[in-house]
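The structure file run33.pdb is reproduced below (PDB, C-alpha atoms).
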ATOM      1  CA  MET A   1       5.835  28.371 -14.883  1.00  0.00           C
ATOM      2  CA  ILE A   2       3.445  25.614 -15.902  1.00  0.00           C
ATOM      3  CA  ILE A   3       3.825  22.194 -14.333  1.00  0.00           C
ATOM      4  CA  GLU A   4       1.957  19.256 -15.770  1.00  0.00           C
ATOM      5  CA  GLY A   5       1.660  15.889 -14.116  1.00  0.00           C
ATOM      6  CA  THR A   6       3.348  15.460 -10.743  1.00  0.00           C
ATOM      7  CA  LEU A   7       5.848  17.647  -8.928  1.00  0.00           C
ATOM      8  CA  GLN A   8       7.836  15.842  -6.238  1.00  0.00           C
ATOM      9  CA  ILE A   9       9.261  17.707  -3.241  1.00  0.00           C
ATOM     10  CA  ASN A  10      10.851  15.281  -0.795  1.00  0.00           C
ATOM     11  CA  ASN A  11       8.062  12.765  -0.031  1.00  0.00           C
ATOM     12  CA  LEU A  12       5.258  15.042  -1.248  1.00  0.00           C
ATOM     13  CA  LEU A  13       3.651  14.446  -4.624  1.00  0.00           C
ATOM     14  CA  LEU A  14       1.956  17.667  -5.753  1.00  0.00           C
ATOM     15  CA  THR A  15      -0.810  17.218  -8.310  1.00  0.00           C
ATOM     16  CA  HIS A  16      -3.906  19.064  -9.464  1.00  0.00           C
ATOM     17  CA  ARG A  17      -6.236  16.076  -9.178  1.00  0.00           C
ATOM     18  CA  PRO A  18      -5.967  13.618  -6.275  1.00  0.00           C
ATOM     19  CA  LEU A  19      -4.038  10.458  -7.074  1.00  0.00           C
ATOM     20  CA  LEU A  20      -5.525   7.022  -6.597  1.00  0.00           C
ATOM     21  CA  PRO A  21      -4.044   5.216  -3.589  1.00  0.00           C
ATOM     22  CA  GLU A  22      -2.299   2.664  -5.808  1.00  0.00           C
ATOM     23  CA  ASN A  23      -0.431   5.540  -7.523  1.00  0.00           C
ATOM     24  CA  ILE A  24       0.988   6.922  -4.263  1.00  0.00           C
ATOM     25  CA  PRO A  25       4.210   5.117  -3.321  1.00  0.00           C
ATOM     26  CA  GLU A  26       4.608   3.972   0.272  1.00  0.00           C
ATOM     27  CA  GLY A  27       5.898   6.787   2.466  1.00  0.00           C
ATOM     28  CA  PHE A  28       4.658   9.511   0.115  1.00  0.00           C
ATOM     29  CA  TYR A  29       1.776  11.963   0.502  1.00  0.00           C
ATOM     30  CA  ASN A  30      -0.340  13.420  -2.288  1.00  0.00           C
ATOM     31  CA  VAL A  31      -0.918  17.174  -1.976  1.00  0.00           C
ATOM     32  CA  HIS A  32      -3.622  18.221  -4.394  1.00  0.00           C
ATOM     33  CA  GLY A  33      -6.491  20.524  -5.212  1.00  0.00           C
ATOM     34  CA  HIS A  34      -9.416  20.016  -7.606  1.00  0.00           C
ATOM     35  CA  ILE A  35     -12.008  18.656  -5.159  1.00  0.00           C
ATOM     36  CA  HIS A  36     -12.895  22.064  -3.695  1.00  0.00           C
ATOM     37  CA  GLN A  37     -14.202  21.823  -0.091  1.00  0.00           C
ATOM     38  CA  LYS A  38     -14.386  18.047   0.057  1.00  0.00           C
ATOM     39  CA  ASP A  39     -12.100  16.150   2.392  1.00  0.00           C
ATOM     40  CA  SER A  40      -9.371  14.085   0.812  1.00  0.00           C
ATOM     41  CA  PHE A  41      -9.388  10.377   1.614  1.00  0.00           C
ATOM     42  CA  HIS A  42      -5.871   9.646   0.363  1.00  0.00           C
ATOM     43  CA  GLY A  43      -4.005  12.946   0.477  1.00  0.00           C
ATOM     44  CA  ILE A  44      -3.976  16.559   1.587  1.00  0.00           C
ATOM     45  CA  ASN A  45      -6.506  18.810  -0.139  1.00  0.00           C
ATOM     46  CA  ILE A  46      -5.229  22.358  -0.502  1.00  0.00           C
ATOM     47  CA  SER A  47      -7.941  23.609  -2.871  1.00  0.00           C
ATOM     48  CA  VAL A  48      -8.481  27.352  -2.570  1.00  0.00           C
ATOM     49  CA  GLU A  49     -11.769  26.733  -0.765  1.00  0.00           C
ATOM     50  CA  LYS A  50      -9.806  24.918   1.963  1.00  0.00           C
ATOM     51  CA  THR A  51      -7.196  27.698   2.274  1.00  0.00           C
ATOM     52  CA  ASP A  52      -9.652  30.610   2.267  1.00  0.00           C
ATOM     53  CA  TYR A  53      -8.407  31.551  -1.230  1.00  0.00           C
ATOM     54  CA  ALA A  54      -4.941  32.338   0.131  1.00  0.00           C
ATOM     55  CA  PRO A  55      -1.586  30.783  -0.728  1.00  0.00           C
ATOM     56  CA  ILE A  56      -0.369  28.107   1.629  1.00  0.00           C
ATOM     57  CA  GLU A  57       3.287  27.777   2.603  1.00  0.00           C
ATOM     58  CA  LEU A  58       5.122  24.485   2.330  1.00  0.00           C
ATOM     59  CA  ASN A  59       5.787  24.592   6.096  1.00  0.00           C
ATOM     60  CA  LYS A  60       2.014  24.585   6.738  1.00  0.00           C
ATOM     61  CA  ILE A  61       1.585  21.569   4.433  1.00  0.00           C
ATOM     62  CA  LEU A  62       4.355  19.753   6.316  1.00  0.00           C
ATOM     63  CA  LYS A  63       2.629  20.483   9.640  1.00  0.00           C
ATOM     64  CA  ILE A  64      -0.641  19.103   8.252  1.00  0.00           C
ATOM     65  CA  LYS A  65       1.167  16.000   6.981  1.00  0.00           C
ATOM     66  CA  ASN A  66       2.960  15.400  10.264  1.00  0.00           C
ATOM     67  CA  GLY A  67      -0.238  15.754  12.274  1.00  0.00           C
ATOM     68  CA  ARG A  68      -2.210  13.241  10.239  1.00  0.00           C
ATOM     69  CA  ASN A  69      -2.374   9.468  10.203  1.00  0.00           C
ATOM     70  CA  MET A  70      -2.522   8.621   6.556  1.00  0.00           C
TER      71      MET A  70
END

Target format structure tokens, applied to this file:
Amino acid sequence: MIIEGTLQINNLLLTHRPLLPENIPEGFYNVHGHIHQKDSFHGINISVEKTDYAPIELNKILKIKNGRNM
């Protein structure tokens, strides 16, 4: 399956590149890759370098989201 653009799961917006803050609706979180090991200022970076090249389960992303003040 190929997904282009944004995939929305509940209040998560999954994208390849990080979204600009003005493109993230209030109450939503941007889950993205593309920036390798850099920290994300406006979302949750799950680039393979951040996940030790392993898949990451949605439950883990939700735990990250719930533990952060964004």

*asked:* I need the output of the PyMOL selection byres ((chain A and resi 61) around 12) for this file as an NGL selection string; which residues are they?
replied: :A and (9 or 11-14 or 29-32 or 43-46 or 51 or 55-60 or 62-68)

Go ahead and save the residues from that selection, with C-alpha atoms, as an mmCIF file, keeping the file's coordinate frame.
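This is the output file out-v5.cif:
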data_model
loop_
_atom_site.group_PDB
_atom_site.id
_atom_site.type_symbol
_atom_site.label_atom_id
_atom_site.label_comp_id
_atom_site.auth_asym_id
_atom_site.auth_seq_id
_atom_site.Cartn_x
_atom_site.Cartn_y
_atom_site.Cartn_z
ATOM 1 C CA ILE A 9 9.261 17.707 -3.241
ATOM 2 C CA ASN A 11 8.062 12.765 -0.031
ATOM 3 C CA LEU A 12 5.258 15.042 -1.248
ATOM 4 C CA LEU A 13 3.651 14.446 -4.624
ATOM 5 C CA LEU A 14 1.956 17.667 -5.753
ATOM 6 C CA TYR A 29 1.776 11.963 0.502
ATOM 7 C CA ASN A 30 -0.340 13.420 -2.288
ATOM 8 C CA VAL A 31 -0.918 17.174 -1.976
ATOM 9 C CA HIS A 32 -3.622 18.221 -4.394
ATOM 10 C CA GLY A 43 -4.005 12.946 0.477
ATOM 11 C CA ILE A 44 -3.976 16.559 1.587
ATOM 12 C CA ASN A 45 -6.506 18.810 -0.139
ATOM 13 C CA ILE A 46 -5.229 22.358 -0.502
ATOM 14 C CA THR A 51 -7.196 27.698 2.274
ATOM 15 C CA PRO A 55 -1.586 30.783 -0.728
ATOM 16 C CA ILE A 56 -0.369 28.107 1.629
ATOM 17 C CA GLU A 57 3.287 27.777 2.603
ATOM 18 C CA LEU A 58 5.122 24.485 2.330
ATOM 19 C CA ASN A 59 5.787 24.592 6.096
ATOM 20 C CA LYS A 60 2.014 24.585 6.738
ATOM 21 C CA LEU A 62 4.355 19.753 6.316
ATOM 22 C CA LYS A 63 2.629 20.483 9.640
ATOM 23 C CA ILE A 64 -0.641 19.103 8.252
ATOM 24 C CA LYS A 65 1.167 16.000 6.981
ATOM 25 C CA ASN A 66 2.960 15.400 10.264
ATOM 26 C CA GLY A 67 -0.238 15.754 12.274
ATOM 27 C CA ARG A 68 -2.210 13.241 10.239
#

_For a quick check of understanding, using all atoms listed in the file, which of A:Arg17, A:Thr6, A:Asn23, A:Ala54 has the smallest distance to His36 of chain A?_
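Of the candidates, the smallest distance to His36 of chain A is held by A:Arg17.
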
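Distance-wise, atom CA of Gly5 of chain A and atom CA of Pro18 of chain A end up 11.2 Å apart.
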
*What separation in Å, quoted to one decimal, exists between atom CA of Glu26 of chain A and atom CA of Leu7 of chain A?*
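About the pair atom CA of Glu26 of chain A and atom CA of Leu7 of chain A: they are 16.5 Å apart.
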
*Grab the atom CA of Asp52 of chain A to atom CA of Leu20 of chain A distance for me, in Å with one decimal place.*
25.5 Å

With all atoms of segment 14-32 of chain A from the file as input, state the centre and edge lengths in Å to one decimal of the axis-aligned box that has 3 Å extra on each side, as lines of an AutoDock Vina configuration file.
center_x = -0.2
center_y = 10.9
center_z = -3.5
size_x = 18.1
size_y = 22.4
size_z = 17.9

*Nearest to Phe28 of chain A among A:His16, A:Ser40, A:Gln8, A:Ile2, with distances taken over all atoms listed in the file: which residue is it?*
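Under the stated criterion, the closest residue is A:Gln8.
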